[in-house]
Amino acid sequence: MNQAICLHPLIPIRSEPNHKAEQASQLLFGETVEVIEQNGDWLNVTTDFDHFCGWIEERSVVFYTGRTKDHKMQIISKPYFNIQKENQNIIIPAGSEIPSVRSGDKFTLANNTFYLKDHLPPGSKTNRSNLLTTSKQFLNAPYLWGGRTIFGFDCSGFVQTVCKIHELPLPRDAKDQAEKGENVKDLNSVLPGDLLFFRNQENKISHVGIYAGENKIIHASISVRMDSIDEKGIYNNELHKHTHELFSIKRLPVP
């Protein structure tokens with residue numbers, strides 16, 4: 001019982017082994033975990049994709065031994081995608097992982113068989129333009145603490161999912177994401193696709209977004225939105241004030 005896979009569109013990962021605990025993150029379709037311990041009906045797990053630790057319900061995942069993924073896996077890049085299981089439609093979100101098979105073909109994960117209803121969306125070449133195109137397809141998605149999908153993002157979940165689609169793996173939390181990439185001196189040197197980090201009153205990183213060019217940032221705050229950015233931080237045009245103080249800028253290896 002050491003390995004398990006998510007075969008639902010998503011599974012909440014909670015901070016404690018109960019339903020009242022906060023959702024700290026989510027496990028997406030096709031993502032796998034290592035089980036660390038069990039507490040009643042709950043499993044303490046570490047995710048294989050981003051090494052995030054938390055609690056999920058035992059009945060929400062499928063256990064497996066050996067290899068569960070016999071094909072090359074493709075990351076879903078569309079906001080959502082349809083597959084079928086036993087003639088039932090399943091909508092899976094961007095960031096999910098499924099084997100690279102043709103439309104109409106079936107694939108098996110942990111002895112469960114699924115069918116493609118349509119062609120897999122083509123993988124998007126990783127460059128700054130495509131990174132921004134991917135980011136913008138999630139505009140107006142709602143904010144959700146611990147969220148990683150178009151059905152609800154938090155700030156770091158949004159950045160992580162966009163970067164995962166372009167095979168730029170990042171940790172789950174903004175403070176850890178800020179440790180990746182190369183430092184960028186200031187906004188005069190920033191390029192579209194660079195990550196912008198913001199601090200709170202305790203001088204700790206509390207927010208992250210993606211520079212969209214032309215002094216704009218795309219980020220998840222109330223919803224996934226575009227706002228203005230200057231040396232002070234994010235300026236919300238609706239509120240007519242700065243809402244986040246700029247702390248640092250990082251550049252990932254994007255052409």
# chains A, B, ... in the order shown; residues from 1 in each chain; ligands from 1
call {"tool": "residues_around", "arguments": {"residues": "Leu120 (chain A)", "least_positions_apart": "3", "cutoff": "12 Å", "atoms": "only C-alpha atoms", "output": "VMD selection string"}}
result
chain A and resid 73 to 78 80 to 83 94 96 to 105 115 to 117 123 to 124
call {"tool": "write_last_selection", "arguments": {"atoms": "C-alpha atoms", "output": "compact mmCIF listing (two decimals), in the first residue's frame"}}
result
# COMPACT_ATOMS: atom_id res chain seq x y z
CA MET A 73 2.48 10.58 -20.11
CA GLN A 74 1.13 13.82 -21.56
CA ILE A 75 0.10 16.79 -19.45
CA ILE A 76 -3.32 18.19 -20.33
CA SER A 77 -2.89 21.77 -21.52
CA LYS A 78 -6.52 22.74 -22.20
CA TYR A 80 -10.38 20.89 -19.14
CA PHE A 81 -10.55 17.71 -21.21
CA ASN A 82 -13.08 14.87 -21.60
CA ILE A 83 -12.36 11.18 -21.15
CA ALA A 94 -5.34 21.11 -17.08
CA SER A 96 -3.72 16.18 -15.33
CA GLU A 97 -1.55 13.38 -16.70
CA ILE A 98 -2.72 10.73 -19.17
CA PRO A 99 -0.89 8.37 -21.53
CA SER A 100 -0.19 9.65 -25.04
CA VAL A 101 -2.67 7.63 -27.12
CA ARG A 102 -4.81 8.41 -30.16
CA SER A 103 -8.42 9.58 -30.14
CA GLY A 104 -10.74 6.62 -29.61
CA ASP A 105 -7.98 4.57 -28.05
CA TYR A 115 -11.17 6.01 -23.34
CA LEU A 116 -10.34 9.23 -25.15
CA LYS A 117 -13.37 11.05 -26.53
CA GLY A 123 1.90 19.79 -26.48
CA SER A 124 2.79 23.47 -26.47
call {"tool": "select_by_dssp", "arguments": {"residues": "region 27-157 of chain A", "states": "alpha helix (DSSP H)", "output": "PyMOL selection string"}}
result
chain A and resi 128-136+155-157
call {"tool": "write_last_selection", "arguments": {"atoms": "N, CA and C atoms", "output": "compact mmCIF listing (two decimals), in the first residue's frame"}}
result
# COMPACT_ATOMS: atom_id res chain seq x y z
N ARG A 128 8.25 31.99 -24.17
CA ARG A 128 7.57 33.01 -23.38
C ARG A 128 6.18 33.32 -23.93
N SER A 129 6.05 33.35 -25.23
CA SER A 129 4.75 33.65 -25.83
C SER A 129 3.72 32.57 -25.48
N ASN A 130 4.10 31.31 -25.60
CA ASN A 130 3.18 30.23 -25.31
C ASN A 130 2.86 30.14 -23.82
N LEU A 131 3.83 30.48 -22.98
CA LEU A 131 3.59 30.49 -21.54
C LEU A 131 2.49 31.50 -21.20
N LEU A 132 2.55 32.66 -21.83
CA LEU A 132 1.52 33.67 -21.58
C LEU A 132 0.18 33.26 -22.17
N THR A 133 0.19 32.62 -23.34
CA THR A 133 -1.05 32.13 -23.93
C THR A 133 -1.73 31.15 -22.99
N THR A 134 -0.95 30.24 -22.43
CA THR A 134 -1.50 29.28 -21.47
C THR A 134 -2.05 30.00 -20.25
N SER A 135 -1.32 30.98 -19.73
CA SER A 135 -1.77 31.73 -18.55
C SER A 135 -3.12 32.39 -18.80
N LYS A 136 -3.26 33.01 -19.96
CA LYS A 136 -4.46 33.80 -20.25
C LYS A 136 -5.70 32.95 -20.46
N CYS A 155 -2.74 31.51 -5.69
CA CYS A 155 -1.71 32.18 -6.51
C CYS A 155 -0.61 31.23 -6.95
N SER A 156 -0.09 30.43 -6.02
CA SER A 156 1.01 29.53 -6.38
C SER A 156 0.52 28.33 -7.16
N GLY A 157 -0.73 27.90 -6.91
CA GLY A 157 -1.29 26.81 -7.69
C GLY A 157 -1.46 27.18 -9.15
call {"tool": "residues_around", "arguments": {"residues": "Leu144 (chain A)", "least_positions_apart": "6", "cutoff": "12 Å", "atoms": "only C-alpha atoms", "output": "ChimeraX atom specification"}}
result
/A:12,22-26,150-158,220-224
call {"tool": "residues_around", "arguments": {"residues": "Asn111 (chain A)", "least_positions_apart": "3", "cutoff": "10 Å", "atoms": "only C-alpha atoms", "output": "list of chain:residue names"}}
result
A:Val62, A:Phe63, A:Tyr64, A:Thr68, A:Phe107, A:Thr108, A:Phe114
call {"tool": "write_last_selection", "arguments": {"atoms": "C-alpha atoms", "output": "PDB file, in the first residue's frame"}}
result
ATOM      1  CA  VAL A  62      -6.306   3.545  -6.186  1.00  0.00           C
ATOM      2  CA  PHE A  63      -3.328   1.556  -4.918  1.00  0.00           C
ATOM      3  CA  TYR A  64      -0.890  -0.144  -7.233  1.00  0.00           C
ATOM      4  CA  THR A  68       1.324   2.039 -13.243  1.00  0.00           C
ATOM      5  CA  PHE A 107      -5.544   3.495 -21.834  1.00  0.00           C
ATOM      6  CA  THR A 108      -5.117   1.780 -18.515  1.00  0.00           C
ATOM      7  CA  PHE A 114     -10.402   4.817 -19.818  1.00  0.00           C
TER       8      PHE A 114
END
call {"tool": "atom_distance", "arguments": {"atom1": "CA of Gln160 (chain A)", "atom2": "CA of Lys232 (chain A)"}}
result
24.2 Å
call {"tool": "residues_around", "arguments": {"residues": "Arg199 (chain A)", "least_positions_apart": "4", "cutoff": "8 Å", "atoms": "only C-alpha atoms", "output": "PDB file with C-alpha atoms, in the first residue's frame"}}
result
ATOM      1  CA  ASN A 203       8.583  40.440   5.144  1.00  0.00           C
ATOM      2  CA  LYS A 204       7.692  36.899   4.068  1.00  0.00           C
ATOM      3  CA  ILE A 205       6.751  35.868   0.532  1.00  0.00           C
ATOM      4  CA  SER A 206       2.978  35.614   0.366  1.00  0.00           C
ATOM      5  CA  HIS A 207       2.050  35.986  -3.318  1.00  0.00           C
ATOM      6  CA  HIS A 244       0.873  43.562  -3.003  1.00  0.00           C
ATOM      7  CA  GLU A 245       4.438  44.777  -2.351  1.00  0.00           C
ATOM      8  CA  LEU A 246       7.036  43.582  -4.865  1.00  0.00           C
ATOM      9  CA  PHE A 247       9.800  41.514  -3.279  1.00  0.00           C
TER      10      PHE A 247
END
call {"tool": "select_by_dssp", "arguments": {"residues": "region 47-216 of chain A", "states": "strand (DSSP E)", "output": "ChimeraX atom specification"}}
result
/A:47,53-57,62-64,73-75,80-85,88-93,97-99,106-109,112-116,148-149,152-153,182-183,195-199,205-213,216
call {"tool": "write_last_selection", "arguments": {"atoms": "C-alpha atoms", "output": "JSON list (two decimals), in the first residue's frame"}}
result
[["chain", "number", "residue", "atom", "x", "y", "z"],
["A", 47, "THR", "CA", 3.12, 13.67, -4.02],
["A", 53, "CYS", "CA", 2.94, 16.42, 2.01],
["A", 54, "GLY", "CA", -0.63, 16.22, 3.29],
["A", 55, "TRP", "CA", -3.64, 14.05, 4.00],
["A", 56, "ILE", "CA", -6.10, 12.39, 1.60],
["A", 57, "GLU", "CA", -8.94, 9.95, 2.11],
["A", 62, "VAL", "CA", -6.31, 3.55, -6.19],
["A", 63, "PHE", "CA", -3.33, 1.56, -4.92],
["A", 64, "TYR", "CA", -0.89, -0.14, -7.23],
["A", 73, "MET", "CA", 2.48, 10.58, -20.11],
["A", 74, "GLN", "CA", 1.13, 13.82, -21.56],
["A", 75, "ILE", "CA", 0.10, 16.79, -19.45],
["A", 80, "TYR", "CA", -10.38, 20.89, -19.14],
["A", 81, "PHE", "CA", -10.55, 17.71, -21.21],
["A", 82, "ASN", "CA", -13.08, 14.87, -21.60],
["A", 83, "ILE", "CA", -12.36, 11.18, -21.15],
["A", 84, "GLN", "CA", -14.70, 8.24, -20.58],
["A", 85, "LYS", "CA", -14.89, 5.29, -18.22],
["A", 88, "GLN", "CA", -19.47, 7.78, -18.23],
["A", 89, "ASN", "CA", -17.94, 11.13, -19.08],
["A", 90, "ILE", "CA", -15.16, 12.44, -16.84],
["A", 91, "ILE", "CA", -13.93, 16.03, -17.08],
["A", 92, "ILE", "CA", -10.29, 16.34, -16.05],
["A", 93, "PRO", "CA", -8.49, 19.67, -15.56],
["A", 97, "GLU", "CA", -1.55, 13.38, -16.70],
["A", 98, "ILE", "CA", -2.72, 10.73, -19.17],
["A", 99, "PRO", "CA", -0.89, 8.37, -21.53],
["A", 106, "LYS", "CA", -8.13, 3.23, -24.55],
["A", 107, "PHE", "CA", -5.54, 3.50, -21.83],
["A", 108, "THR", "CA", -5.12, 1.78, -18.51],
["A", 109, "LEU", "CA", -3.95, 3.23, -15.23],
["A", 112, "ASN", "CA", -8.63, 0.92, -14.65],
["A", 113, "THR", "CA", -9.51, 1.44, -18.32],
["A", 114, "PHE", "CA", -10.40, 4.82, -19.82],
["A", 115, "TYR", "CA", -11.17, 6.01, -23.34],
["A", 116, "LEU", "CA", -10.34, 9.23, -25.15],
["A", 148, "ARG", "CA", -4.65, 24.04, -8.84],
["A", 149, "THR", "CA", -7.33, 24.02, -11.57],
["A", 152, "GLY", "CA", -10.32, 27.33, -8.51],
["A", 153, "PHE", "CA", -6.69, 28.47, -8.16],
["A", 182, "GLU", "CA", 17.77, 33.20, -11.76],
["A", 183, "ASN", "CA", 17.43, 36.55, -10.01],
["A", 195, "LEU", "CA", 7.82, 35.18, -11.97],
["A", 196, "LEU", "CA", 7.10, 38.10, -9.63],
["A", 197, "PHE", "CA", 7.05, 37.52, -5.87],
["A", 198, "PHE", "CA", 5.46, 39.71, -3.22],
["A", 199, "ARG", "CA", 5.87, 40.02, 0.55],
["A", 205, "ILE", "CA", 6.75, 35.87, 0.53],
["A", 206, "SER", "CA", 2.98, 35.61, 0.37],
["A", 207, "HIS", "CA", 2.05, 35.99, -3.32],
["A", 208, "VAL", "CA", 3.29, 35.17, -6.82],
["A", 209, "GLY", "CA", 2.28, 36.00, -10.38],
["A", 210, "ILE", "CA", 3.55, 35.93, -13.96],
["A", 211, "TYR", "CA", 4.77, 39.05, -15.76],
["A", 212, "ALA", "CA", 2.61, 39.53, -18.85],
["A", 213, "GLY", "CA", 4.52, 42.38, -20.51],
["A", 216, "LYS", "CA", 1.00, 43.94, -16.48]]
call {"tool": "atom_distance", "arguments": {"atom1": "CA of Thr32 (chain A)", "atom2": "CA of Glu16 (chain A)"}}
result
19.4 Å
call {"tool": "closest_residue", "arguments": {"among": "A:Asn18, A:Glu231, A:Ile217, A:His242", "to": "Gly40 (chain A)", "atoms": "only C-alpha atoms"}}
result
A:Asn18
call {"tool": "closest_atom_pairs", "arguments": {"of": "region 27-145 of chain A", "to": "region 171-174 of chain A", "cutoff": "10 Å", "atoms": "only C-alpha atoms", "output": "JSON lines"}}
result
{"residue": "A:Phe49", "atom": "CA", "partner": "A:Pro171", "partner_atom": "CA", "distance": 8.7}
{"residue": "A:Asp50", "atom": "CA", "partner": "A:Pro171", "partner_atom": "CA", "distance": 5.3}
{"residue": "A:His51", "atom": "CA", "partner": "A:Pro171", "partner_atom": "CA", "distance": 7.6}
{"residue": "A:Phe52", "atom": "CA", "partner": "A:Arg172", "partner_atom": "CA", "distance": 6.8}
call {"tool": "write_last_selection", "arguments": {"atoms": "N, CA and C atoms", "output": "PDB file, in the first residue's frame"}}
result
ATOM      1  N   PHE A  49       4.908  14.412  -7.952  1.00  0.00           N
ATOM      2  CA  PHE A  49       5.181  15.535  -8.854  1.00  0.00           C
ATOM      3  C   PHE A  49       5.914  16.674  -8.156  1.00  0.00           C
ATOM      4  N   ASP A  50       5.405  17.118  -6.999  1.00  0.00           N
ATOM      5  CA  ASP A  50       5.999  18.301  -6.361  1.00  0.00           C
ATOM      6  C   ASP A  50       6.435  18.063  -4.916  1.00  0.00           C
ATOM      7  N   HIS A  51       6.373  16.781  -4.469  1.00  0.00           N
ATOM      8  CA  HIS A  51       6.853  16.402  -3.132  1.00  0.00           C
ATOM      9  C   HIS A  51       6.115  17.156  -2.023  1.00  0.00           C
ATOM     10  N   PHE A  52       4.827  17.417  -2.249  1.00  0.00           N
ATOM     11  CA  PHE A  52       3.993  18.079  -1.253  1.00  0.00           C
ATOM     12  C   PHE A  52       3.434  17.034  -0.297  1.00  0.00           C
TER      13      PHE A  52
END
call {"tool": "residues_around", "arguments": {"residues": "Val35 (chain A)", "least_positions_apart": "3", "cutoff": "9 Å", "atoms": "only C-alpha atoms", "output": "PDB file with C-alpha atoms, in the first residue's frame"}}
result
ATOM      1  CA  MET A   1       0.000   0.000   0.000  1.00  0.00           C
ATOM      2  CA  ASN A   2       2.948   2.342  -0.558  1.00  0.00           C
ATOM      3  CA  GLN A   3       1.902   3.786  -3.925  1.00  0.00           C
ATOM      4  CA  ALA A   4      -1.401   5.276  -5.069  1.00  0.00           C
ATOM      5  CA  GLN A  38      -2.353   5.782   7.772  1.00  0.00           C
ATOM      6  CA  LEU A  43      -3.482   8.621   4.405  1.00  0.00           C
ATOM      7  CA  ASN A  44      -0.499  10.866   4.943  1.00  0.00           C
ATOM      8  CA  VAL A  45       1.117  11.115   1.506  1.00  0.00           C
ATOM      9  CA  THR A  46       3.927  12.771  -0.408  1.00  0.00           C
ATOM     10  CA  THR A  47       3.122  13.674  -4.017  1.00  0.00           C
TER      11      THR A  47
END
call {"tool": "residues_around", "arguments": {"residues": "Ser60 (chain A)", "least_positions_apart": "4", "cutoff": "12 Å", "atoms": "only C-alpha atoms", "output": "ChimeraX atom specification"}}
result
/A:4-13,27-29,41-43,55-56
call {"tool": "write_last_selection", "arguments": {"atoms": "N, CA and C atoms", "output": "tab-separated table (two decimals), in the first residue's frame"}}
result
chain	number	residue	atom	x	y	z
A	4	ALA	N	-0.01	5.08	-4.70
A	4	ALA	CA	-1.40	5.28	-5.07
A	4	ALA	C	-1.48	6.32	-6.17
A	5	ILE	N	-2.59	6.29	-6.92
A	5	ILE	CA	-2.79	7.20	-8.04
A	5	ILE	C	-4.17	7.82	-7.95
A	6	CYS	N	-4.29	9.06	-8.41
A	6	CYS	CA	-5.57	9.75	-8.47
A	6	CYS	C	-6.25	9.43	-9.80
A	7	LEU	N	-7.46	8.85	-9.74
A	7	LEU	CA	-8.23	8.57	-10.94
A	7	LEU	C	-9.55	9.33	-10.93
A	8	HIS	N	-9.62	10.36	-10.11
A	8	HIS	CA	-10.72	11.33	-10.12
A	8	HIS	C	-10.21	12.62	-10.77
A	9	PRO	N	-11.09	13.52	-11.17
A	9	PRO	CA	-10.61	14.80	-11.72
A	9	PRO	C	-9.65	15.50	-10.78
A	10	LEU	N	-9.96	15.48	-9.50
A	10	LEU	CA	-9.03	16.01	-8.49
A	10	LEU	C	-9.41	15.48	-7.13
A	11	ILE	N	-8.45	15.51	-6.21
A	11	ILE	CA	-8.65	15.08	-4.83
A	11	ILE	C	-8.09	16.16	-3.92
A	12	PRO	N	-8.86	16.62	-2.93
A	12	PRO	CA	-8.30	17.59	-1.98
A	12	PRO	C	-7.18	16.96	-1.14
A	13	ILE	N	-6.12	17.70	-0.96
A	13	ILE	CA	-5.07	17.33	-0.02
A	13	ILE	C	-5.23	18.25	1.18
A	27	LEU	N	-4.58	16.94	-5.64
A	27	LEU	CA	-3.98	15.91	-6.47
A	27	LEU	C	-4.83	15.81	-7.73
A	28	LEU	N	-4.21	15.89	-8.90
A	28	LEU	CA	-4.94	15.88	-10.16
A	28	LEU	C	-4.92	14.50	-10.80
A	29	PHE	N	-5.83	14.30	-11.74
A	29	PHE	CA	-5.95	13.00	-12.41
A	29	PHE	C	-4.59	12.56	-12.96
A	41	ASP	N	-9.23	6.41	8.31
A	41	ASP	CA	-9.58	6.41	6.89
A	41	ASP	C	-8.72	7.37	6.07
A	42	TRP	N	-7.69	7.92	6.71
A	42	TRP	CA	-6.88	8.95	6.05
A	42	TRP	C	-5.45	8.48	5.85
A	43	LEU	N	-4.86	8.96	4.74
A	43	LEU	CA	-3.48	8.62	4.41
A	43	LEU	C	-2.63	9.88	4.40
A	55	TRP	N	-2.74	15.16	3.69
A	55	TRP	CA	-3.64	14.05	4.00
A	55	TRP	C	-4.74	13.92	2.95
A	56	ILE	N	-5.00	12.68	2.51
A	56	ILE	CA	-6.10	12.39	1.60
A	56	ILE	C	-6.88	11.21	2.13
